[in-house]
Amino acid sequence: MNRRRFLTTAAAATAAVCATGSTTFAATAPRARTASDTAPLRTWFEATYRSITAMTTDFGLTADKIDASRPGTPVPSPQTSPTNIGCGMWSTVAAAGLGVISPSLMHDRLARTVAAVERLERAHGFWFNWYDAHDGSVLTTWPENGDPVRPFLSTVDNAWLVTGLKIAADADPTLRPRIARLLDEADWSYFYTPYDPADPVAGPGQLRGGYWPDKPGNGEPTGFHYGALNTEPRMASYLGIADGSLPTDHYWHLHRTLLPGMGQEQQPEGSYVTVDGVRVWQGHYTYRGRKLVPTWGGSMFEALMVPLFVPEAEWSPKSWGTTHRRYVRSQIEHGLMEEKYGYWGFSPASIPEGGYREYGVDAIGMQQDGYNSLAVVTPHASFLALPQAPDEAIANLEALARDFDAYDDRYGFRDSVDVTTGRVSDSVLALDQGMIAAALAQHLHPGLLQRPFRTAGFRSRVQPLLNKEQFSI
């Protein structure tokens, strides 16, 4: 954008925030949305879905990213991951549910992807972290620089592929038998370390980050477990609890905060409670006078990607529902009031200068020296906030589009904007576009992508846990 225009609009936005002060953020019920309100959101969805189709190869897999800055048809990146593939599937289901594509075209696209997934090499029932998006081969060298890649089974990435497969099976009954055969081999206990009360450090009752399967036996595990509850790997926990491959007490062995005295961003307040026979530290952080359950790094997608699919706020309104609202409010106030950027929304994304980086609000993450915002605003973070702050999220996105040309009608919102320089990322990532597509689908057609996560084991095993949750907030 024109730099003079950028400096003028940024200064005006900051001045407006300073003038209105905290009254801007008074809790109010969201107003009813009209057809004229939702028309721009449908336009945003259509452009976002065009980016997904542009990233999807003839082989049927959604690649990691495209460069949206150049004229002409973009070339999908060579690599893809299980998460990217899952994003492609649920975005296609959302497109059909919103009437953007026909049911027959949805079937054709899903069937092509399922056929590709059936051909992918696996280990222990799970998918490797990186494949060639154009032929499905496992990557052993990184396409961009030739560095070696050790094939890895990622817990969280497999969770998002399974999520996409479940949504595809729900939307297209003709694909259910094939998808069921794929999912029958995915046993989440492979990643699980059972709880050992005699040595809870070695046996924490949590999921490993993943395995390198090239070692004899079960492979070589990561040296860490996913211990924080309010992070995106909880999707794997929910999936395993729902299908019975993980015990329900696994949920209570995840940390709301780290324990008092452990190194973390701030010393938590709270108390111990016993739930289902498990002693749980119900800790919380306080940010700008607001009690909440932190994530690991302080980013938006850690907290709010999972509830696009699992209705946490509905099943746990006083706990999950409350912390989600306060988390969004904290992101808004960090950007507008604490840092006075004039814009808000911070989450990992491709950076304007190229590459990838984590962004967040350090104070609401457990990790010491965690993610910082660095004046880089990520549009997908605002889309994730639609359930909690729809008017503010839409206004923020409109401002990013207007003031920085961060949106184009071909492929939607770019991945990130440096609001101090006006520099916009050249890339769009499948992960971030997939979150945008799912968030818009949930806003325009509530429950569209949630059906598989409201029935069967989710209703009988996961919902009771969330009903019992009592965060100390």
# chains A, B, ... in the order shown; residues from 1 in each chain; ligands from 1
>>> residues_around(residues="A:Thr163", least_positions_apart="3", cutoff="9 Å", atoms="only C-alpha atoms", output="list in words")
Gly86, Cys87, Trp90, Asn158, Ala159, Trp160, Lys166, Ile167, Ala168, Met235, Leu239, Phe309 and Pro452 of chain A
>>> closest_atom_pairs(of="stretch 152-230 of chain A", to="stretch 102-109 of chain A", cutoff="10 Å", atoms="only C-alpha atoms", output="JSON lines")
{"residue": "A:Ala168", "atom": "CA", "partner": "A:His107", "partner_atom": "CA", "distance": 9.0}
{"residue": "A:Ala171", "atom": "CA", "partner": "A:His107", "partner_atom": "CA", "distance": 8.9}
{"residue": "A:Asp172", "atom": "CA", "partner": "A:His107", "partner_atom": "CA", "distance": 6.7}
{"residue": "A:Pro173", "atom": "CA", "partner": "A:His107", "partner_atom": "CA", "distance": 9.7}
{"residue": "A:Thr174", "atom": "CA", "partner": "A:His107", "partner_atom": "CA", "distance": 8.6}
{"residue": "A:Leu175", "atom": "CA", "partner": "A:His107", "partner_atom": "CA", "distance": 8.5}
>>> residues_around(residues="stretch 431-446 of chain A", least_positions_apart="2", cutoff="6 Å", atoms="only C-alpha atoms", output="ChimeraX atom specification")
/A:84,87,91,94,380,383-384,429,448
>>> write_last_selection(atoms="all heavy atoms", output="PDB file, in the first residue's frame")
ATOM      1  N   ASN A  84      -2.601 -30.100   6.470  1.00  0.00           N
ATOM      2  CA  ASN A  84      -3.026 -29.461   5.231  1.00  0.00           C
ATOM      3  C   ASN A  84      -4.097 -30.278   4.515  1.00  0.00           C
ATOM      4  O   ASN A  84      -5.066 -29.725   3.985  1.00  0.00           O
ATOM      5  CB  ASN A  84      -1.829 -29.282   4.303  1.00  0.00           C
ATOM      6  CG  ASN A  84      -0.762 -28.377   4.873  1.00  0.00           C
ATOM      7  OD1 ASN A  84      -1.054 -27.460   5.613  1.00  0.00           O
ATOM      8  ND2 ASN A  84       0.493 -28.656   4.530  1.00  0.00           N
ATOM      9  N   CYS A  87      -7.364 -29.861   6.287  1.00  0.00           N
ATOM     10  CA  CYS A  87      -7.938 -28.546   5.985  1.00  0.00           C
ATOM     11  C   CYS A  87      -8.646 -28.547   4.638  1.00  0.00           C
ATOM     12  O   CYS A  87      -9.723 -27.957   4.475  1.00  0.00           O
ATOM     13  CB  CYS A  87      -6.843 -27.484   5.986  1.00  0.00           C
ATOM     14  SG  CYS A  87      -6.208 -27.041   7.613  1.00  0.00           S
ATOM     15  N   SER A  91     -12.719 -27.865   4.286  1.00  0.00           N
ATOM     16  CA  SER A  91     -13.064 -26.671   3.515  1.00  0.00           C
ATOM     17  C   SER A  91     -13.995 -27.032   2.364  1.00  0.00           C
ATOM     18  O   SER A  91     -14.921 -26.266   2.033  1.00  0.00           O
ATOM     19  CB  SER A  91     -11.798 -25.999   2.979  1.00  0.00           C
ATOM     20  OG  SER A  91     -10.971 -25.542   4.035  1.00  0.00           O
ATOM     21  N   ALA A  94     -17.394 -27.574   3.811  1.00  0.00           N
ATOM     22  CA  ALA A  94     -17.973 -26.265   4.125  1.00  0.00           C
ATOM     23  C   ALA A  94     -18.471 -25.580   2.859  1.00  0.00           C
ATOM     24  O   ALA A  94     -19.549 -24.962   2.851  1.00  0.00           O
ATOM     25  CB  ALA A  94     -16.936 -25.395   4.833  1.00  0.00           C
ATOM     26  N   HIS A 380      -6.193 -14.737  10.256  1.00  0.00           N
ATOM     27  CA  HIS A 380      -6.959 -15.910  10.697  1.00  0.00           C
ATOM     28  C   HIS A 380      -7.314 -15.817  12.176  1.00  0.00           C
ATOM     29  O   HIS A 380      -8.315 -16.400  12.607  1.00  0.00           O
ATOM     30  CB  HIS A 380      -6.192 -17.206  10.397  1.00  0.00           C
ATOM     31  CG  HIS A 380      -5.051 -17.509  11.317  1.00  0.00           C
ATOM     32  ND1 HIS A 380      -3.749 -17.170  11.036  1.00  0.00           N
ATOM     33  CD2 HIS A 380      -5.018 -18.140  12.526  1.00  0.00           C
ATOM     34  CE1 HIS A 380      -2.963 -17.577  12.011  1.00  0.00           C
ATOM     35  NE2 HIS A 380      -3.706 -18.156  12.936  1.00  0.00           N
ATOM     36  N   PHE A 383     -10.721 -14.280  12.495  1.00  0.00           N
ATOM     37  CA  PHE A 383     -11.780 -15.226  12.133  1.00  0.00           C
ATOM     38  C   PHE A 383     -12.061 -16.194  13.276  1.00  0.00           C
ATOM     39  O   PHE A 383     -13.213 -16.545  13.540  1.00  0.00           O
ATOM     40  CB  PHE A 383     -11.396 -15.972  10.865  1.00  0.00           C
ATOM     41  CG  PHE A 383     -11.563 -15.167   9.612  1.00  0.00           C
ATOM     42  CD1 PHE A 383     -10.467 -14.568   9.014  1.00  0.00           C
ATOM     43  CD2 PHE A 383     -12.807 -14.990   9.038  1.00  0.00           C
ATOM     44  CE1 PHE A 383     -10.608 -13.818   7.853  1.00  0.00           C
ATOM     45  CE2 PHE A 383     -12.972 -14.235   7.885  1.00  0.00           C
ATOM     46  CZ  PHE A 383     -11.872 -13.646   7.284  1.00  0.00           C
ATOM     47  N   LEU A 384     -11.007 -16.633  13.974  1.00  0.00           N
ATOM     48  CA  LEU A 384     -11.210 -17.533  15.111  1.00  0.00           C
ATOM     49  C   LEU A 384     -12.004 -16.869  16.222  1.00  0.00           C
ATOM     50  O   LEU A 384     -12.647 -17.553  17.026  1.00  0.00           O
ATOM     51  CB  LEU A 384      -9.851 -17.994  15.649  1.00  0.00           C
ATOM     52  CG  LEU A 384      -9.046 -18.934  14.746  1.00  0.00           C
ATOM     53  CD1 LEU A 384      -7.671 -19.203  15.345  1.00  0.00           C
ATOM     54  CD2 LEU A 384      -9.782 -20.246  14.512  1.00  0.00           C
ATOM     55  N   LEU A 429      -1.171 -19.857   3.701  1.00  0.00           N
ATOM     56  CA  LEU A 429      -0.926 -21.223   4.148  1.00  0.00           C
ATOM     57  C   LEU A 429      -2.224 -22.003   4.221  1.00  0.00           C
ATOM     58  O   LEU A 429      -3.260 -21.468   4.636  1.00  0.00           O
ATOM     59  CB  LEU A 429      -0.272 -21.227   5.527  1.00  0.00           C
ATOM     60  CG  LEU A 429       1.085 -20.554   5.681  1.00  0.00           C
ATOM     61  CD1 LEU A 429       1.604 -20.764   7.107  1.00  0.00           C
ATOM     62  CD2 LEU A 429       2.079 -21.098   4.675  1.00  0.00           C
ATOM     63  N   LEU A 448     -22.298 -26.789  11.079  1.00  0.00           N
ATOM     64  CA  LEU A 448     -22.088 -27.490   9.813  1.00  0.00           C
ATOM     65  C   LEU A 448     -20.951 -28.504   9.894  1.00  0.00           C
ATOM     66  O   LEU A 448     -21.077 -29.632   9.419  1.00  0.00           O
ATOM     67  CB  LEU A 448     -21.805 -26.473   8.699  1.00  0.00           C
ATOM     68  CG  LEU A 448     -21.404 -27.037   7.334  1.00  0.00           C
ATOM     69  CD1 LEU A 448     -22.542 -27.865   6.743  1.00  0.00           C
ATOM     70  CD2 LEU A 448     -21.015 -25.910   6.380  1.00  0.00           C
TER      71      LEU A 448
END
>>> select_by_dssp(residues="stretch 269-428 of chain A", states="strand (DSSP E or B)", output="count of residues only")
39
>>> atom_distance(atom1="atom CA of A:Ala54", atom2="atom CA of A:Arg150")
28.0 Å
>>> closest_residue(among="A:Trp252, A:Thr56, A:Arg326, A:Gly203", to="A:Val273", atoms="only C-alpha atoms")
A:Trp252
>>> select_by_dssp(residues="stretch 238-306 of chain A", states="alpha helix (DSSP H)", output="compact mmCIF listing (two decimals) with C-alpha atoms, in the first residue's frame")
# COMPACT_ATOMS: atom_id res chain seq x y z
CA TYR A 238 -10.63 -35.66 22.42
CA LEU A 239 -10.43 -38.00 19.43
CA GLY A 240 -8.72 -40.72 21.47
CA ILE A 241 -11.09 -40.39 24.41
CA ALA A 242 -14.08 -40.44 22.06
CA ASP A 243 -13.05 -43.65 20.28
CA MET A 300 -4.98 -17.52 19.08
CA PHE A 301 -5.07 -20.83 17.25
CA GLU A 302 -3.90 -22.79 20.30
CA ALA A 303 -7.04 -21.75 22.17
CA LEU A 304 -9.62 -21.45 19.43
>>> closest_residue(among="A:Arg329, A:Gly297, A:Asp426, A:Pro317", to="A:Gly370", atoms="only C-alpha atoms")
A:Gly297
>>> closest_residue(among="A:Trp320, A:Phe152, A:Phe126, A:Trp142", to="A:Gln470", atoms="only C-alpha atoms")
A:Trp320
>>> residues_around(residues="A:Thr455", least_positions_apart="3", cutoff="12 Å", atoms="only C-alpha atoms", output="list in words")
Lys166, Asp170, Ala242, Asp243, Val310, Pro311, Gln450, Arg451, Pro452, Phe458, Arg459, Ser460, Arg461, Val462 and Gln463 of chain A
>>> residues_around(residues="A:Leu374", least_positions_apart="6", cutoff="10 Å", atoms="only C-alpha atoms", output="list of chain:residue names")
A:Glu339, A:Tyr341, A:Phe346, A:Tyr359, A:Gly360, A:Val361, A:Asp418, A:Val419, A:Thr420
>>> atom_distance(atom1="atom CA of A:Pro307", atom2="atom CA of A:Phe224")
24.7 Å
>>> closest_residue(among="A:Val428, A:Pro268, A:Asp249, A:Gln331", to="A:Arg288", atoms="only C-alpha atoms")
A:Gln331
>>> closest_residue(among="A:Gly146, A:Arg234, A:Thr57, A:Leu207", to="A:Pro194", atoms="only C-alpha atoms")
A:Leu207
